[in-house]
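Some notes on the structure that comes next.
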Amino acid sequence: MATKPPTGDPIQDAPQVTPPKNAAAGLPAIGHTLRIAQQQMGVARTARTLLKVNQKDGFDCPGCAWPEGDKRHTAEFCENGAKAVAEEATLRRVTPEFFAAHPLADLATRSGYWLGQQGRITEPMLLERGAAAGGEDRYEPVSWEKAFEVIAEELTALGSPDEALFYTSGRTSNEAAFLFQLFAREFGTNNLPDCSNMCHESSGSALTETIGIGKGSVSLEDLHRADLIIVAGQNPGTNHPRMLSALEKAKTSGARIISVNPLPEAGTERFKNPQTPIGMFRGTALTDLFLQIRIGGDQALFRLLNKLVIETDGATDEAFIREHTHGYEDLAAAAKEADWDETLTATGLTRPEIEQALAMILASERTIVCWAMGLTQHKHAVATIREVVNLLLLRGNIGRPGAGVCPVRGHSNVQGDRTMGIFERPAPAFLDALDREFGITSPRGHGYDVVRSIQALRDGRAKVLFAMGGNFVGATPDTEVTEAAIRGAALTVHVSTKLNRSHAVTGRRALILPTLGRTDKDVQQSGKQFVTVEDSMGMVHASRGNLVPASPHLLSEPAIVARMARAVLGTASATPWEDFERDYASIRERISRVIPGFEDFNAKVARPGGFQLPHAPRDERRFPTKTGKANFTAAPVEYPRVPAGRLLLQTLRSHDQYNTTIYGLDDRYRGITGGRRVVMVNPADAAELGLADGSYTDLVSEWRDGVERRAPGFRVVHYPTARGCAAAYYPETNVLVPLDSTADVSNTPASKSVVVRFEPA
């Protein structure tokens, strides 16, 4: 049987730290992982569930979006994937009795870890501020009918549909996401913020402009065939562990790997593959060259590399440039101005290191560049990713097997949600197709992204927030501003499987709508259903849960959207919402007529393993940009300037974490156990600032608005970060990220470049 959840918060202000070891990633403490799973699920349920993760007849892991190959291992999951499944398939339950014992004020004092450990929510719950007996606000059970009545009451009372915000997390299925955006547009708004706005929006913005499609251009097979893989601003060992297997296979085939990151990470140093006997005991050294770059120096690095490629005789693919690209002369002129001294200052690298990287690039016929949040969450993030694309275009590495762009997405269907229309700035062609199919008139004005949604709530321009999954409060920047904005709403609604911080920070009224998870069986009137997801490389496949749902009171996400739509829109809506709830195949049939690439959707997804969406740059070397070609770009080089006595902080995850979900209080690969309020500082920087290892400090961010943002009580850990740089975990440090500090073009929060000073705790 599963153990009971913790009865109180663990101590989080006294972490234990051991010197970081040259640990190998990928060989999890298997016993530890299984013990966690069994504590949540029990022995039999653990075996029954984990063996279905990422299988062709099973369910898609609710963690990351890394793809699976055609041949699957029996245990096709990583350590953090097992934790994600255990959290969802837990036997622990959050019942109405729990809410009776824990009023809102109590929930607000609890850590995200404690909230998540309580288990699955079993019934819809309603909070009416000021209405609870005894003067304490608390959630009370409510019928589904009443819940939808409350939503309809608040939405129809708005002065404009644009006063409503419809947020989507990356875990939402294609079917639910399509219905969600359809409802929002039939209601009358494009306010469809989603978690992409906070992570890979910069990637989508840069790629759409340069190659014409905002997705990666490579497949899993391309990684296996590459000569050179550059992994920039990414920590696969913690955030995308199954990627390590692909890197290992590439190395076995002769590929070389350059890692570009401010911190040394175990995952890119050595990988012990638990799937093979040799891998378990010997492991594979992955990185051939580690470039320990200063935070935010990536654009300067790639600009100089581009200059050196252009200046090397025979290094550019002249035929590709001539036939398939536009703007080469502008890039060449800008690259000519790249300066060695400025680049070394911006990057913290040495000339021999950059020259070695250049030699590896010139020796490679097939190059892939992979990246994640380390590139996307800066003011100049979009320009940085454009510069990455420039490097690939110069060498003809788009539309070539074994080469291309690889933005590594986080949540398991975040890319699919965008494909389904979850976007505040939809293409006119998509809206035209939606209108033709459903006989509606979608709004054409752009809606709010995440940052603009918070600003609208803060300024009283938005009054209802409906969140389809996720942890909006925990994931967003400028915590105090965000929480104050949320509390000013008339209604907040969260479709959730488990508790998180967002349930403790509410509007005047608040609803928690418990839903099925990926692991749960979904049976509707027409029979057992499945949903679909799109992975990070454009493969679409089915996901089928196999567990009895945590409660008979749960509804699926498609059912929640369909019933809400009928309650809000009434009989004036000709959309067959009841049919969509009854049979998800009818949703996929409509998707097939609206979204290119999904023709014959039901037939394609019936194939084991699913199908790959078309990608014009990869498949045809056709670039659907405004120029009809792949575009070189030449933005001015930027990098953060940090005043004396300050450091540049990046927020990051621990190994016991996925997005804002905290599985435990350890960061095994970095030698940190038992706590999360730590700040990692280079020993030389710490000596200059008088920060003793193990001392405590407040982190205070500095930005142009002059507002003091403080994260108190962090333990200093001397750690081999790049000079001038520091690192600490989010969401604890989200409070330091100014709401208005965002990337140009994409408006993504600049969570990887926060100037901080240190004050005694």
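If you're wondering about the labels, chains in the structure tokens are A, B, ... by order shown, residues count from 1 in each chain, ligands from 1 in order shown.
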Name the residues in contact with A:Leu652 at a cut-off of 7 Å, using only C-alpha atoms, excluding same-chain residues fewer than 2 positions from it; report them as number ranges by chain.
-> A: 650, 654, 727-730
Please produce a file of those selected residues containing all heavy atoms, as a CSV table (one decimal), in the first residue's frame.
chain,number,residue,atom,x,y,z
A,650,GLN,N,20.7,32.8,-13.2
A,650,GLN,CA,19.7,32.1,-14.0
A,650,GLN,C,18.9,31.2,-13.1
A,650,GLN,O,19.4,30.7,-12.1
A,650,GLN,CB,20.5,31.2,-15.0
A,650,GLN,CG,21.3,30.1,-14.4
A,650,GLN,CD,21.8,29.1,-15.5
A,650,GLN,OE1,21.1,28.8,-16.4
A,650,GLN,NE2,23.0,28.6,-15.3
A,654,SER,N,16.0,21.7,-10.2
A,654,SER,CA,16.8,20.6,-9.6
A,654,SER,C,16.5,19.3,-10.2
A,654,SER,O,15.6,19.2,-11.1
A,654,SER,CB,16.4,20.6,-8.1
A,654,SER,OG,15.2,19.8,-7.9
A,727,ALA,N,23.3,30.6,-10.0
A,727,ALA,CA,22.1,29.8,-10.3
A,727,ALA,C,21.3,29.5,-9.1
A,727,ALA,O,21.9,29.2,-8.0
A,727,ALA,CB,22.6,28.6,-11.1
A,728,ALA,N,20.0,29.4,-9.2
A,728,ALA,CA,19.1,29.0,-8.1
A,728,ALA,C,17.8,28.5,-8.7
A,728,ALA,O,17.5,28.7,-9.9
A,728,ALA,CB,18.8,30.2,-7.2
A,729,TYR,N,17.1,27.7,-7.9
A,729,TYR,CA,16.0,27.0,-8.4
A,729,TYR,C,14.7,27.9,-8.5
A,729,TYR,O,14.5,28.8,-7.7
A,729,TYR,CB,15.6,25.8,-7.5
A,729,TYR,CG,16.8,24.8,-7.3
A,729,TYR,CD1,17.1,24.5,-6.0
A,729,TYR,CD2,17.5,24.3,-8.3
A,729,TYR,CE1,18.2,23.6,-5.7
A,729,TYR,CE2,18.5,23.4,-8.1
A,729,TYR,CZ,18.9,23.1,-6.8
A,729,TYR,OH,19.9,22.2,-6.6
A,730,TYR,N,13.9,27.6,-9.5
A,730,TYR,CA,12.6,28.2,-9.6
A,730,TYR,C,11.6,27.1,-9.1
A,730,TYR,O,11.9,25.9,-9.2
A,730,TYR,CB,12.3,28.7,-11.0
A,730,TYR,CG,12.0,27.7,-12.0
A,730,TYR,CD1,10.7,27.1,-12.2
A,730,TYR,CD2,13.0,27.3,-12.9
A,730,TYR,CE1,10.5,26.1,-13.2
A,730,TYR,CE2,12.8,26.4,-13.9
A,730,TYR,CZ,11.5,25.8,-14.0
A,730,TYR,OH,11.3,24.8,-15.0
Which residues come within 8 Å of A:Val389, counting only C-alpha atoms, excluding same-chain residues fewer than 6 positions away, as a ChimeraX atom specification?
-> /A:207,210,405,632
List every residue of stretch 357-418 of chain A that has an atom at most 9 Å from any atom of stretch 621-629 of chain A, and for each one report the closest atom pair and its distance in Å to one decimal, counting only C-alpha atoms, with rows sorted by chain and then by increasing residue number, as CSV.
residue,atom,partner,partner_atom,distance
A:Ile398,CA,A:Arg621,CA,7.4
A:Gly399,CA,A:Arg621,CA,5.2
A:Arg400,CA,A:Arg621,CA,8.4
Could those selected residues go to a file with C-alpha atoms, as a JSON list (two decimals), in the first residue's frame?
[["chain", "number", "residue", "atom", "x", "y", "z"],
["A", 398, "ILE", "CA", 18.80, 22.62, -43.04],
["A", 399, "GLY", "CA", 16.94, 20.02, -45.10],
["A", 400, "ARG", "CA", 19.88, 17.61, -45.02]]
Per residue of stretch 640-730 of chain A within 12 Å of stretch 449-472 of chain A, what are the shortest atom pair and its distance in Å to one decimal, counting only C-alpha atoms, with rows by chain and residue number, as CSV?
residue,atom,partner,partner_atom,distance
A:Tyr658,CA,A:Gly470,CA,11.6
A:Asn659,CA,A:Asn471,CA,9.2
A:Thr660,CA,A:Asn471,CA,7.1
A:Thr661,CA,A:Asn471,CA,8.6
A:Ile662,CA,A:Asn471,CA,11.9
Please, which residues in stretch 285-316 of chain A fall within 10 Å of stretch 233-242 of chain A when counting only C-alpha atoms, and what is the closest atom pair and distance in Å to one decimal for each, ordered by chain then residue number, as JSON lines?
{"residue": "A:Ile293", "atom": "CA", "partner": "A:Gly233", "partner_atom": "CA", "distance": 9.3}
{"residue": "A:Ile295", "atom": "CA", "partner": "A:Gly233", "partner_atom": "CA", "distance": 9.0}
{"residue": "A:Gly296", "atom": "CA", "partner": "A:Gly233", "partner_atom": "CA", "distance": 9.4}
{"residue": "A:Asp298", "atom": "CA", "partner": "A:Gly233", "partner_atom": "CA", "distance": 8.6}
Distance query A:Tyr719 at most 7 Å, only C-alpha atoms, self and fewer than 2 positions along chain excluded, as a ChimeraX atom specification | /A:680-683,717,721
Close residues, A:Asp740 itself excluded, 12 Å, only C-alpha atoms, min 3 positions apart in chain, as number ranges by chain | A: 379, 450-452, 454-455, 476-478, 481-482, 703-705, 707, 736-737, 743-744, 747-751
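Minimum atom-to-atom distance to A:Ser543, evaluated using only C-alpha atoms, belongs to A:Phe530 out of A:Tyr639, A:Phe423, A:Phe611, A:Phe530.
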When distances are computed from only C-alpha atoms, which of A:Glu175, A:Asp619, A:Glu163, A:Glu311 shows the smallest separation from A:Glu581?
->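 Nearest candidate to A:Glu581 out of A:Glu175, A:Asp619, A:Glu163, A:Glu311: A:Glu175.
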Find the nearest atom pair between each residue of stretch 83-128 of chain A and stretch 486-491 of chain A for residues within 12 Å, count only C-alpha atoms, give distances in Å to one decimal, sort rows by chain and ascending number, and present the table as CSV.
residue,atom,partner,partner_atom,distance
A:Leu126,CA,A:Leu491,CA,10.4
A:Leu127,CA,A:Leu491,CA,9.7
A:Glu128,CA,A:Leu491,CA,9.5
